[in-house]
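Below is the file input.tsv, which contains TSV, C-alpha atoms.
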chain	number	residue	atom	x	y	z
H	1	MET	CA	45.69	23.56	17.92
H	2	LYS	CA	49.44	23.99	17.94
H	3	LEU	CA	51.82	21.03	17.90
H	4	TYR	CA	55.41	21.79	18.84
H	5	ILE	CA	57.99	19.40	17.41
H	6	THR	CA	61.60	18.97	16.37
H	7	GLU	CA	62.36	17.37	13.04
H	8	GLY	CA	64.55	14.62	14.51
H	9	SER	CA	62.29	13.48	17.36
H	10	PRO	CA	60.75	10.04	16.80
H	11	TYR	CA	58.09	10.89	19.39
H	12	ALA	CA	57.07	14.02	17.52
H	13	ARG	CA	56.99	11.98	14.31
H	14	ILE	CA	54.60	9.51	15.92
H	15	VAL	CA	52.13	12.32	16.66
H	16	ARG	CA	52.60	13.96	13.27
H	17	THR	CA	51.77	10.61	11.67
H	18	VAL	CA	48.61	10.36	13.76
H	19	VAL	CA	47.62	13.89	12.69
H	20	ILE	CA	47.83	12.84	9.04
H	21	GLU	CA	46.13	9.48	9.55
H	22	LYS	CA	43.24	11.29	11.27
H	23	GLY	CA	43.01	13.91	8.53
H	24	PHE	CA	43.66	16.73	11.00
H	25	GLU	CA	46.28	18.66	9.00
H	26	SER	CA	44.02	21.71	8.83
H	27	ARG	CA	43.25	21.56	12.56
H	28	VAL	CA	46.80	21.19	13.87
H	29	GLU	CA	49.48	23.79	13.22
H	30	ILE	CA	53.00	22.31	13.23
H	31	ILE	CA	55.56	24.54	14.93
H	32	TYR	CA	59.27	23.77	15.10
H	33	ALA	CA	60.62	24.27	18.61
H	34	LYS	CA	64.16	25.20	19.61
H	35	THR	CA	65.13	22.70	22.30
H	36	ARG	CA	68.31	22.06	24.28
H	37	ALA	CA	69.37	25.68	23.89
H	38	ALA	CA	69.86	28.04	26.81
H	39	GLY	CA	67.21	30.74	26.92
H	40	SER	CA	65.08	29.25	24.14
H	41	PRO	CA	61.71	31.05	23.83
H	42	TYR	CA	60.13	27.59	23.68
H	43	TYR	CA	60.75	27.17	27.42
H	44	GLN	CA	58.21	29.92	28.05
H	45	ILE	CA	55.66	27.75	26.25
H	46	ASN	CA	56.70	24.38	27.66
H	47	PRO	CA	58.94	24.60	30.73
H	48	SER	CA	60.09	20.98	30.35
H	49	GLY	CA	61.46	21.81	26.91
H	50	ARG	CA	60.32	18.47	25.53
H	51	VAL	CA	58.48	17.62	22.33
H	52	PRO	CA	55.90	16.79	21.19
H	53	TYR	CA	53.73	19.34	22.94
H	54	LEU	CA	50.13	20.01	21.92
H	55	VAL	CA	48.41	23.24	22.91
H	56	ARG	CA	44.68	22.80	22.48
H	57	ASP	CA	42.33	25.54	21.33
H	58	ASP	CA	41.22	26.05	24.93
H	59	GLY	CA	44.82	26.68	26.00
H	60	VAL	CA	45.24	23.38	27.85
H	61	ALA	CA	48.51	21.70	26.86
H	62	LEU	CA	49.38	18.01	26.56
H	63	GLU	CA	52.88	16.55	26.61
H	64	GLU	CA	54.03	13.03	25.67
H	65	SER	CA	53.34	11.25	22.42
H	66	GLN	CA	51.07	8.49	23.73
H	67	LEU	CA	48.83	10.97	25.54
H	68	ILE	CA	48.64	13.34	22.57
H	69	SER	CA	47.99	10.51	20.12
H	70	ALA	CA	45.18	9.12	22.28
H	71	TYR	CA	43.62	12.58	22.62
H	72	LEU	CA	43.72	13.24	18.89
H	73	ASP	CA	42.36	9.81	18.07
H	74	GLN	CA	39.14	10.34	20.03
H	75	LEU	CA	38.66	13.98	19.07
H	76	ASP	CA	36.26	13.34	16.20
H	77	GLY	CA	34.46	10.42	17.82
H	78	LYS	CA	35.86	8.06	15.19
H	79	PRO	CA	38.92	6.42	16.80
H	80	LEU	CA	41.28	4.60	14.46
H	81	PHE	CA	43.63	3.14	17.04
H	82	THR	CA	41.29	1.43	19.51
H	83	LEU	CA	42.89	-1.74	20.86
H	84	PRO	CA	41.16	-5.11	20.84
H	85	THR	CA	39.91	-6.57	24.10
H	86	GLY	CA	41.27	-9.53	26.02
H	87	GLU	CA	44.54	-11.23	25.19
H	88	PRO	CA	44.85	-9.64	21.71
H	89	GLY	CA	44.76	-6.23	23.40
H	90	TRP	CA	47.54	-7.18	25.79
H	91	GLU	CA	49.60	-8.43	22.86
H	92	ALA	CA	49.06	-5.12	21.08
H	93	ARG	CA	50.20	-3.23	24.18
H	94	ARG	CA	53.20	-5.51	24.60
H	95	LEU	CA	54.35	-4.91	21.04
H	96	GLU	CA	53.86	-1.15	21.26
H	97	ALA	CA	55.90	-1.10	24.48
H	98	LEU	CA	58.61	-3.15	22.76
H	99	ALA	CA	58.72	-0.67	19.88
H	100	ARG	CA	58.86	2.23	22.33
H	101	SER	CA	61.72	0.57	24.19
H	102	LEU	CA	63.73	0.57	20.96
H	103	ALA	CA	62.81	4.20	20.31
H	104	ASP	CA	63.78	5.21	23.84
H	105	GLY	CA	67.25	3.70	23.56
H	106	LEU	CA	67.86	5.21	20.15
H	107	ALA	CA	66.72	8.62	21.43
H	108	VAL	CA	69.29	8.45	24.23
H	109	TRP	CA	71.96	7.56	21.67
H	110	SER	CA	70.85	10.41	19.41
H	111	ARG	CA	70.98	12.94	22.24
H	112	GLU	CA	74.47	11.76	23.14
H	113	ASN	CA	75.61	12.19	19.53
H	114	ALA	CA	74.22	15.73	19.55
H	115	ARG	CA	76.62	16.76	22.30
H	116	PRO	CA	79.99	18.30	21.45
H	117	GLU	CA	82.36	15.42	20.73
H	118	ASN	CA	84.44	16.04	23.86
H	119	GLU	CA	81.31	15.81	26.04
H	120	ARG	CA	79.95	12.52	24.69
H	121	SER	CA	79.95	9.46	26.90
H	122	PRO	CA	81.60	6.46	25.19
H	123	THR	CA	80.04	4.22	27.83
H	124	THR	CA	76.52	5.44	27.02
H	125	ILE	CA	77.07	5.13	23.28
H	126	LYS	CA	78.47	1.61	23.66
H	127	HIS	CA	75.50	0.62	25.82
H	128	GLU	CA	72.92	1.99	23.39
H	129	THR	CA	74.71	0.44	20.40
H	130	ALA	CA	74.50	-2.97	22.05
H	131	ARG	CA	70.89	-2.42	23.10
H	132	ALA	CA	69.90	-1.51	19.54
H	133	ALA	CA	71.56	-4.67	18.22
H	134	ARG	CA	69.71	-6.85	20.73
H	135	MET	CA	66.39	-5.17	20.04
H	136	SER	CA	66.85	-5.54	16.29
H	137	ASP	CA	67.33	-9.27	16.83
H	138	VAL	CA	64.13	-9.39	18.86
H	139	TRP	CA	62.18	-7.52	16.21
H	140	GLU	CA	63.44	-9.77	13.42
H	141	LYS	CA	61.34	-12.46	15.12
H	142	GLU	CA	58.47	-10.37	16.47
H	143	ILE	CA	57.78	-8.67	13.16
H	144	ASN	CA	55.94	-11.79	12.01
H	145	HIS	CA	53.32	-11.27	14.71
H	146	PRO	CA	49.87	-10.76	13.12
H	147	TRP	CA	49.48	-7.38	14.85
H	148	MET	CA	52.61	-6.10	13.11
H	149	GLN	CA	51.76	-7.30	9.63
H	150	GLY	CA	50.44	-4.90	7.09
H	151	ALA	CA	51.24	-2.82	4.05
H	152	SER	CA	51.25	0.83	3.11
H	153	HIS	CA	47.60	0.69	1.93
H	154	LEU	CA	46.14	-1.16	4.94
H	155	PRO	CA	45.01	0.22	8.34
H	156	ILE	CA	47.89	0.97	10.68
H	157	ASN	CA	48.24	0.69	14.45
H	158	MET	CA	50.33	2.46	17.07
H	159	ALA	CA	52.84	-0.38	17.46
H	160	GLN	CA	53.58	-0.20	13.74
H	161	ILE	CA	53.86	3.59	13.75
H	162	THR	CA	56.16	3.54	16.77
H	163	LEU	CA	58.46	0.92	15.28
H	164	VAL	CA	58.75	2.71	11.93
H	165	CYS	CA	59.57	5.96	13.72
H	166	ALA	CA	62.22	4.19	15.81
H	167	LEU	CA	63.90	2.42	12.91
H	168	GLY	CA	63.70	5.57	10.80
H	169	MET	CA	66.20	7.20	13.13
H	170	GLU	CA	68.90	5.51	11.06
H	171	VAL	CA	69.01	8.61	8.82
H	172	ARG	CA	70.01	10.72	11.82
H	173	ASN	CA	72.59	8.30	13.21
H	174	PRO	CA	75.32	7.10	10.82
H	175	ASP	CA	76.38	4.47	13.37
H	176	LEU	CA	72.97	2.82	13.61
H	177	HIS	CA	73.04	-0.30	11.43
H	178	TRP	CA	69.95	-2.33	12.20
H	179	ARG	CA	69.39	-3.75	8.70
H	180	PRO	CA	72.28	-6.27	8.32
H	181	GLY	CA	71.18	-9.71	9.45
H	182	HIS	CA	67.52	-8.67	9.67
H	183	PRO	CA	66.01	-9.24	6.21
H	184	THR	CA	62.45	-9.77	7.44
H	185	LEU	CA	62.47	-6.60	9.50
H	186	SER	CA	64.07	-4.65	6.65
H	187	ALA	CA	61.44	-5.79	4.16
H	188	TRP	CA	58.66	-4.92	6.61
H	189	TYR	CA	60.12	-1.48	7.19
H	190	GLU	CA	60.32	-0.70	3.48
H	191	ARG	CA	56.65	-1.62	3.04
H	192	MET	CA	55.43	0.38	5.99
H	193	ALA	CA	57.69	3.40	5.47
H	194	ALA	CA	56.09	3.85	2.04
H	195	ARG	CA	52.81	4.82	3.67
H	196	PRO	CA	52.01	8.47	2.75
H	197	SER	CA	51.79	9.63	6.38
H	198	LEU	CA	55.22	8.17	7.14
H	199	VAL	CA	56.76	9.50	3.94
H	200	ALA	CA	55.46	12.97	4.81
H	201	THR	CA	56.94	12.86	8.30
H	202	ALA	CA	60.28	11.21	7.49
H	203	PRO	CA	63.15	12.99	9.27
H	204	PRO	CA	65.77	14.68	7.12
H	205	PRO	CA	69.28	13.22	7.24
H	206	LEU	CA	71.95	14.94	9.26
H	207	HIS	CA	74.12	17.28	7.22

Write the structure described by the file as structure tokens, please.
Amino acid sequence: MKLYITEGSPYARIVRTVVIEKGFESRVEIIYAKTRAAGSPYYQINPSGRVPYLVRDDGVALEESQLISAYLDQLDGKPLFTLPTGEPGWEARRLEALARSLADGLAVWSRENARPENERSPTTIKHETARAARMSDVWEKEINHPWMQGASHLPINMAQITLVCALGMEVRNPDLHWRPGHPTLSAWYERMAARPSLVATAPPPLH
């Protein structure tokens, strides 16, 4: 299978982490895509131009990190990320959605920063800066939820992976300062980010 990614995408990082957690490194070829560039050859592969994008061995392609992650998880008949039933399952979904909400806002901010300076929207950047601050406050409290607890050597879930990938965008955005005033969240992040799969997929800083 071929997995198309960009190195700065938190969504691609989520799937890359799942690939490693599932032990599928030899089954999934990682390919760096050229996105947001006129005439990119990648658009002939994926017309939407988005990542991640998984092309299966049968030629069928899947887009969107949650879909790809779910597909990979069941591929060997030994799912690692099955959610509990009943109320615990709804709590797990709620927390994953909350982590994705943070990632979505930070992705918008990141895309705005990638524009030429004279094309950036100060209104959008101001909005996303404020959103990130509010969400960091929320996560300082939510991080104590039992579903979010864990360490680098314990089983991991999709809410945890998504949150680490969102917060890890700090290395690509010099104006993202989620750590001050959030000691519990910061300590949690350091523990979880030390997991081998998350170390291996950490995005490089902007030059």

Non-local contacts of Phe81 (chain H) (7 Å; all atoms listed in the file; under 5 positions in same chain excluded) as a PyMOL selection string: chain H and resi 73+157-158

Kindly assemble as CSV a list of the region 6-70 of chain H residues that lie within 12 Å of region 84-105 of chain H, each paired with its nearest atom pair and their distance in Å to one decimal, using only C-alpha atoms, sorted first by chain and then by ascending residue number.
residue,atom,partner,partner_atom,distance
H:Ser9,CA,H:Ala103,CA,9.8
H:Pro10,CA,H:Ala103,CA,7.1
H:Tyr11,CA,H:Ala103,CA,8.2
H:Ala12,CA,H:Ala103,CA,11.7
H:Arg13,CA,H:Ala103,CA,11.4
H:Ile14,CA,H:Arg100,CA,10.6
H:Ser65,CA,H:Arg100,CA,10.6
H:Gln66,CA,H:Arg100,CA,10.1

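Atom to atom, CA of Glu112 (chain H) and CA of Lys126 (chain H) stand 10.9 Å apart.
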
Work out how far CA of Ser197 (chain H) is from CA of Val19 (chain H), in Å to one decimal.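 Computing the Euclidean distance for CA of Val19 (chain H) and CA of Ser197 (chain H) yields 8.7 Å.
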
Hey, which bits of region 76-120 of chain H sit within 12 Å of region 173-188 of chain H, and for each residue what's the closest pair of atoms and how far apart in Å (one decimal), counting all atoms listed in the file, rows by chain and increasing number, as CSV?
residue,atom,partner,partner_atom,distance
H:Leu102,CA,H:Trp178,CA,11.1
H:Gly105,CA,H:Leu176,CA,11.5
H:Leu106,CA,H:Leu176,CA,8.6
H:Ala107,CA,H:Asn173,CA,10.1
H:Val108,CA,H:Asn173,CA,11.5
H:Trp109,CA,H:Asn173,CA,8.5
H:Ser110,CA,H:Asn173,CA,6.8
H:Arg111,CA,H:Asn173,CA,10.3
H:Glu112,CA,H:Asn173,CA,10.7
H:Asn113,CA,H:Asn173,CA,8.0
H:Ala114,CA,H:Asn173,CA,9.9

Which is closest to Ser69 (chain H) among H:Arg27, H:Arg172, H:His207, H:Arg16, if we use only C-alpha atoms?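 Of the candidates, the smallest distance to Ser69 (chain H) is held by H:Arg16.
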
One-decimal distance in Å that lies between CA of Ala151 (chain H) and CA of Arg195 (chain H):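 Atom-to-atom, CA of Arg195 (chain H) to CA of Ala151 (chain H), that is 7.8 Å.
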
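Nearest residue to Gly77 (chain H) among H:Lys22, H:Lys141, H:His127, H:Lys34 is H:Lys22, counting only C-alpha atoms.
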
List as a list in words the protein and nucleic acid residues near Tyr71 (chain H), meaning an atom at most 10 Å away when all atoms listed in the file are counted, but skip any in the same chain fewer than 6 places from it.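 Surrounding residues, per the criterion: Leu54, Leu62, Ser65 and Pro79 of chain H.
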
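Among the candidates H:Gln160, H:Met192, H:Glu25, H:Leu206, the residue lying nearest to His145 (chain H) is H:Gln160 (atoms considered: only C-alpha atoms).
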
Which polymer residues have any atom within 9 Å of an atom of Asn46 (chain H), counting only C-alpha atoms, with same-chain residues fewer than 6 positions away left out, as a PyMOL selection string? chain H and resi 53+61+63

Check the smallest atom-to-atom distance from each of H:Val15, H:Ala193, H:Val51, H:Ile31 to Ser152 (chain H) using only C-alpha atoms, then report the winner. H:Ala193
